[in-house]
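Inspection log for the structure reproduced underneath, given as structure tokens.
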Amino acid sequence: MVYLPPIKKNATYDLPHFPTKMQAVIFRCWESVPAERIAKVLETNVETVTRLAFDMGLKPQKDVSDWIEKGYISILRNVWQILPYQQIMQLLDWDEERLSYVLKEDDFLNVKFGWFKFDCEKVVYKPLTACQITETERIRNIIEQYDKPRNAEKALYFF
């Protein structure tokens, strides 16, 4: 029997640290979901998704092919609050039966997710506004600030 947790009306999840939910999806999925799937879910192309990822300071995507099969719980946790059921199933290439089974049987996810689903609107690609571009640059600057390689000379002092 297929059972998906009910959608709790007016239960939304704010993402004030991202200019758009589309960017939050890309950011949260970039290291675990192939860009092709992200693009399909967001109804755009791989080039656009890749450009948006790079604009946020994300590195080129590595091999993420095993994540859908072995890391799907992490993917579910990353998108549960921001994507509706249909887009989650599309992202994972699952049907309702598989999603229902995983939520019920794997790691008590239905309990951990609170027995309900956030009320999410469909997230699709839209060109960024000037304000959103400025906020995206802020994200890139923060990522670049914390993603710099350590100074080799200072690293020697730790040994």
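The chains in the structure tokens are called A, B, ... from first to last as shown; in each chain the residues are counted from 1, and the ligands are counted from 1 in the order shown.
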
Contact table region 10-93 of chain A vs region 3-6 of chain A, cut-off 12 Å, shortest pair per residue, only C-alpha atoms, as a Markdown table:
```
| residue | atom | partner | partner_atom | distance |
| --- | --- | --- | --- | --- |
| A:Ala11 | CA | A:Pro6 | CA | 11.2 |
| A:Trp80 | CA | A:Pro5 | CA | 11.4 |
| A:Pro84 | CA | A:Pro6 | CA | 11.5 |
| A:Tyr85 | CA | A:Leu4 | CA | 8.8 |
| A:Gln86 | CA | A:Leu4 | CA | 11.6 |
| A:Met89 | CA | A:Leu4 | CA | 11.8 |
```

Emit the selected residues as a JSON list (two decimals), in the first residue's frame, including all heavy atoms.
```
[["chain", "number", "residue", "atom", "x", "y", "z"],
["A", 11, "ALA", "N", 2.75, 24.94, 5.98],
["A", 11, "ALA", "CA", 4.03, 24.61, 6.59],
["A", 11, "ALA", "C", 5.09, 24.77, 5.52],
["A", 11, "ALA", "O", 5.25, 23.93, 4.65],
["A", 11, "ALA", "CB", 4.03, 23.18, 7.13],
["A", 80, "TRP", "N", 13.84, 17.50, 1.17],
["A", 80, "TRP", "CA", 12.53, 17.24, 1.75],
["A", 80, "TRP", "C", 11.72, 18.51, 1.97],
["A", 80, "TRP", "O", 10.52, 18.57, 1.71],
["A", 80, "TRP", "CB", 12.66, 16.47, 3.07],
["A", 80, "TRP", "CG", 11.37, 16.06, 3.66],
["A", 80, "TRP", "CD1", 10.76, 16.59, 4.76],
["A", 80, "TRP", "CD2", 10.50, 15.03, 3.19],
["A", 80, "TRP", "NE1", 9.58, 15.95, 5.01],
["A", 80, "TRP", "CE2", 9.39, 14.98, 4.05],
["A", 80, "TRP", "CE3", 10.54, 14.13, 2.12],
["A", 80, "TRP", "CZ2", 8.35, 14.08, 3.88],
["A", 80, "TRP", "CZ3", 9.51, 13.24, 1.95],
["A", 80, "TRP", "CH2", 8.42, 13.22, 2.83],
["A", 84, "PRO", "N", 8.47, 19.51, -3.90],
["A", 84, "PRO", "CA", 7.25, 18.71, -3.73],
["A", 84, "PRO", "C", 7.52, 17.24, -4.09],
["A", 84, "PRO", "O", 8.54, 16.91, -4.69],
["A", 84, "PRO", "CB", 6.27, 19.35, -4.72],
["A", 84, "PRO", "CG", 7.14, 20.00, -5.74],
["A", 84, "PRO", "CD", 8.41, 20.41, -5.04],
["A", 85, "TYR", "N", 6.59, 16.38, -3.70],
["A", 85, "TYR", "CA", 6.76, 14.95, -3.94],
["A", 85, "TYR", "C", 7.15, 14.62, -5.38],
["A", 85, "TYR", "O", 8.06, 13.84, -5.62],
["A", 85, "TYR", "CB", 5.46, 14.19, -3.61],
["A", 85, "TYR", "CG", 5.27, 13.90, -2.15],
["A", 85, "TYR", "CD1", 4.08, 14.25, -1.52],
["A", 85, "TYR", "CD2", 6.24, 13.26, -1.40],
["A", 85, "TYR", "CE1", 3.87, 13.98, -0.18],
["A", 85, "TYR", "CE2", 6.05, 12.98, -0.06],
["A", 85, "TYR", "CZ", 4.87, 13.34, 0.55],
["A", 85, "TYR", "OH", 4.68, 13.07, 1.88],
["A", 86, "GLN", "N", 6.44, 15.20, -6.34],
["A", 86, "GLN", "CA", 6.70, 14.86, -7.75],
["A", 86, "GLN", "C", 8.14, 15.14, -8.14],
["A", 86, "GLN", "O", 8.76, 14.35, -8.84],
["A", 86, "GLN", "CB", 5.74, 15.61, -8.68],
["A", 86, "GLN", "CG", 4.32, 15.09, -8.66],
["A", 86, "GLN", "CD", 4.24, 13.60, -8.97],
["A", 86, "GLN", "OE1", 3.86, 12.81, -8.12],
["A", 86, "GLN", "NE2", 4.60, 13.22, -10.18],
["A", 89, "MET", "N", 10.54, 12.59, -6.48],
["A", 89, "MET", "CA", 10.51, 11.31, -7.21],
["A", 89, "MET", "C", 11.24, 11.43, -8.54],
["A", 89, "MET", "O", 11.95, 10.51, -8.95],
["A", 89, "MET", "CB", 9.07, 10.84, -7.39],
["A", 89, "MET", "CG", 8.43, 10.40, -6.08],
["A", 89, "MET", "SD", 6.76, 9.73, -6.25],
["A", 89, "MET", "CE", 5.82, 11.20, -6.60]]
```

Based on the backbone DSSP call, show me all residues of chain A assigned alpha helix (DSSP H), as an MDAnalysis selection string. chainID A and resid 21:29 35:41 46:55 67:70 72:79 85:92 96:105 109:112 130:146 152:156

Hey, can you check how far CA of Ile82 (chain A) sits from CA of Glu47 (chain A)? 22.4 Å

Restricting the calculation to only C-alpha atoms: of A:Ser100, A:Thr12, A:Gln81, A:Gln87, which residue gets closest to Val41 (chain A)?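 Result for the nearest residue to Val41 (chain A): A:Gln87.
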
So which one's closest to Thr50 (chain A), A:Ser32, A:Phe27, A:Lys70, A:Ile88? Using only C-alpha atoms, please.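 Checking each candidate against Thr50 (chain A), we get A:Phe27 as the closest.
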
May I ask which of the residues A:Lys59, A:Arg28, A:Lys126, A:Lys40 is the closest one to Arg140 (chain A), counting only C-alpha atoms?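 Nearest to Arg140 (chain A): A:Lys59.
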
Identify which of the residues A:Pro127, A:Pro19, A:Gly71, A:Gly57 lies closest to Lys148 (chain A), counting only C-alpha atoms when measuring atom-to-atom distances.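 Closest to Lys148 (chain A) of all the choices is A:Gly57.
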
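Closest approach to Val64 (chain A) among A:Arg138, A:Met22, A:Cys29, A:His17: A:Cys29, based on only C-alpha atoms.
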
Identify, on the basis of only C-alpha atoms, every residue whose closest approach to Asp107 (chain A) does not exceed 12 Å; exclude the query and any residue fewer than 4 positions from it along the same chain; express the result as number ranges by chain. A: 72-74, 76-77, 101-103, 111-113

Those residues you just picked out, can you put them in a file as a PDB file, in the first residue's frame with C-alpha atoms?
```
ATOM      1  CA  TYR A  72      19.468   8.496  -1.255  1.00  0.00           C
ATOM      2  CA  ILE A  73      18.667   9.136   2.413  1.00  0.00           C
ATOM      3  CA  SER A  74      21.024  12.130   2.394  1.00  0.00           C
ATOM      4  CA  LEU A  76      15.991  13.054   0.659  1.00  0.00           C
ATOM      5  CA  ARG A  77      17.058  15.003   3.745  1.00  0.00           C
ATOM      6  CA  TYR A 101       8.514   2.155   1.051  1.00  0.00           C
ATOM      7  CA  VAL A 102      11.733   4.080   1.751  1.00  0.00           C
ATOM      8  CA  LEU A 103       9.984   6.593   4.012  1.00  0.00           C
ATOM      9  CA  VAL A 111       9.228   9.702  11.821  1.00  0.00           C
ATOM     10  CA  LYS A 112      12.398  11.761  11.419  1.00  0.00           C
ATOM     11  CA  PHE A 113      10.684  13.975   8.865  1.00  0.00           C
TER      12      PHE A 113
END
```

Just the residues within 12 Å of Gln132 (chain A), please, counting only C-alpha atoms, with nothing from its chain fewer than 2 positions along; format it as a PyMOL selection string. chain A and resi 16-23+52+55-56+126-130+134-139

Between CA of Asp66 (chain A) and CA of Asn78 (chain A), measure the distance and give it in Å to one decimal. 16.4 Å

Which residue gives the smallest distance to Phe54 (chain A) among A:Asp95, A:Leu15, A:Ile143, A:Ile7, with only C-alpha atoms counted? A:Ile143

Can you list, as a PyMOL selection string, every protein, DNA or RNA residue that comes within 10 Å of Val2 (chain A) when you count only C-alpha atoms, leaving out same-chain residues fewer than 6 positions away? chain A and resi 96-101+104

How many Å separate CA of Leu42 (chain A) from CA of Val123 (chain A)? 6.2 Å

Neighbouring residues of Asp63 (chain A) were defined as those with any atom within 10 Å, considering only C-alpha atoms; residues of the same chain fewer than 2 positions away were excluded. Please report them as an mmCIF file with N, CA and C atoms, in the first residue's frame.
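To be explicit, this is the file written out as selection.cif:
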```
data_model
loop_
_atom_site.group_PDB
_atom_site.id
_atom_site.type_symbol
_atom_site.label_atom_id
_atom_site.label_comp_id
_atom_site.auth_asym_id
_atom_site.auth_seq_id
_atom_site.Cartn_x
_atom_site.Cartn_y
_atom_site.Cartn_z
ATOM 1 N N GLU A 31 26.738 17.836 -4.928
ATOM 2 C CA GLU A 31 27.740 16.793 -4.669
ATOM 3 C C GLU A 31 27.137 15.398 -4.559
ATOM 4 N N SER A 32 25.855 15.258 -4.907
ATOM 5 C CA SER A 32 25.233 13.941 -4.779
ATOM 6 C C SER A 32 24.300 13.549 -5.916
ATOM 7 N N VAL A 33 23.906 14.489 -6.750
ATOM 8 C CA VAL A 33 22.968 14.209 -7.833
ATOM 9 C C VAL A 33 23.580 14.714 -9.139
ATOM 10 N N PRO A 34 23.584 13.883 -10.185
ATOM 11 C CA PRO A 34 24.137 14.343 -11.470
ATOM 12 C C PRO A 34 23.447 15.618 -11.960
ATOM 13 N N PRO A 60 33.678 22.070 -9.911
ATOM 14 C CA PRO A 60 33.136 21.149 -10.913
ATOM 15 C C PRO A 60 32.670 19.847 -10.264
ATOM 16 N N GLN A 61 31.602 19.313 -10.792
ATOM 17 C CA GLN A 61 31.012 18.109 -10.215
ATOM 18 C C GLN A 61 31.920 16.904 -10.426
ATOM 19 N N SER A 65 27.687 9.200 -9.318
ATOM 20 C CA SER A 65 26.803 8.142 -9.812
ATOM 21 C C SER A 65 26.308 7.178 -8.728
ATOM 22 N N ASP A 66 27.060 6.964 -7.673
ATOM 23 C CA ASP A 66 26.646 6.023 -6.623
ATOM 24 C C ASP A 66 25.663 6.610 -5.623
ATOM 25 N N TRP A 67 25.545 7.915 -5.579
ATOM 26 C CA TRP A 67 24.728 8.554 -4.555
ATOM 27 C C TRP A 67 23.255 8.179 -4.628
#
```
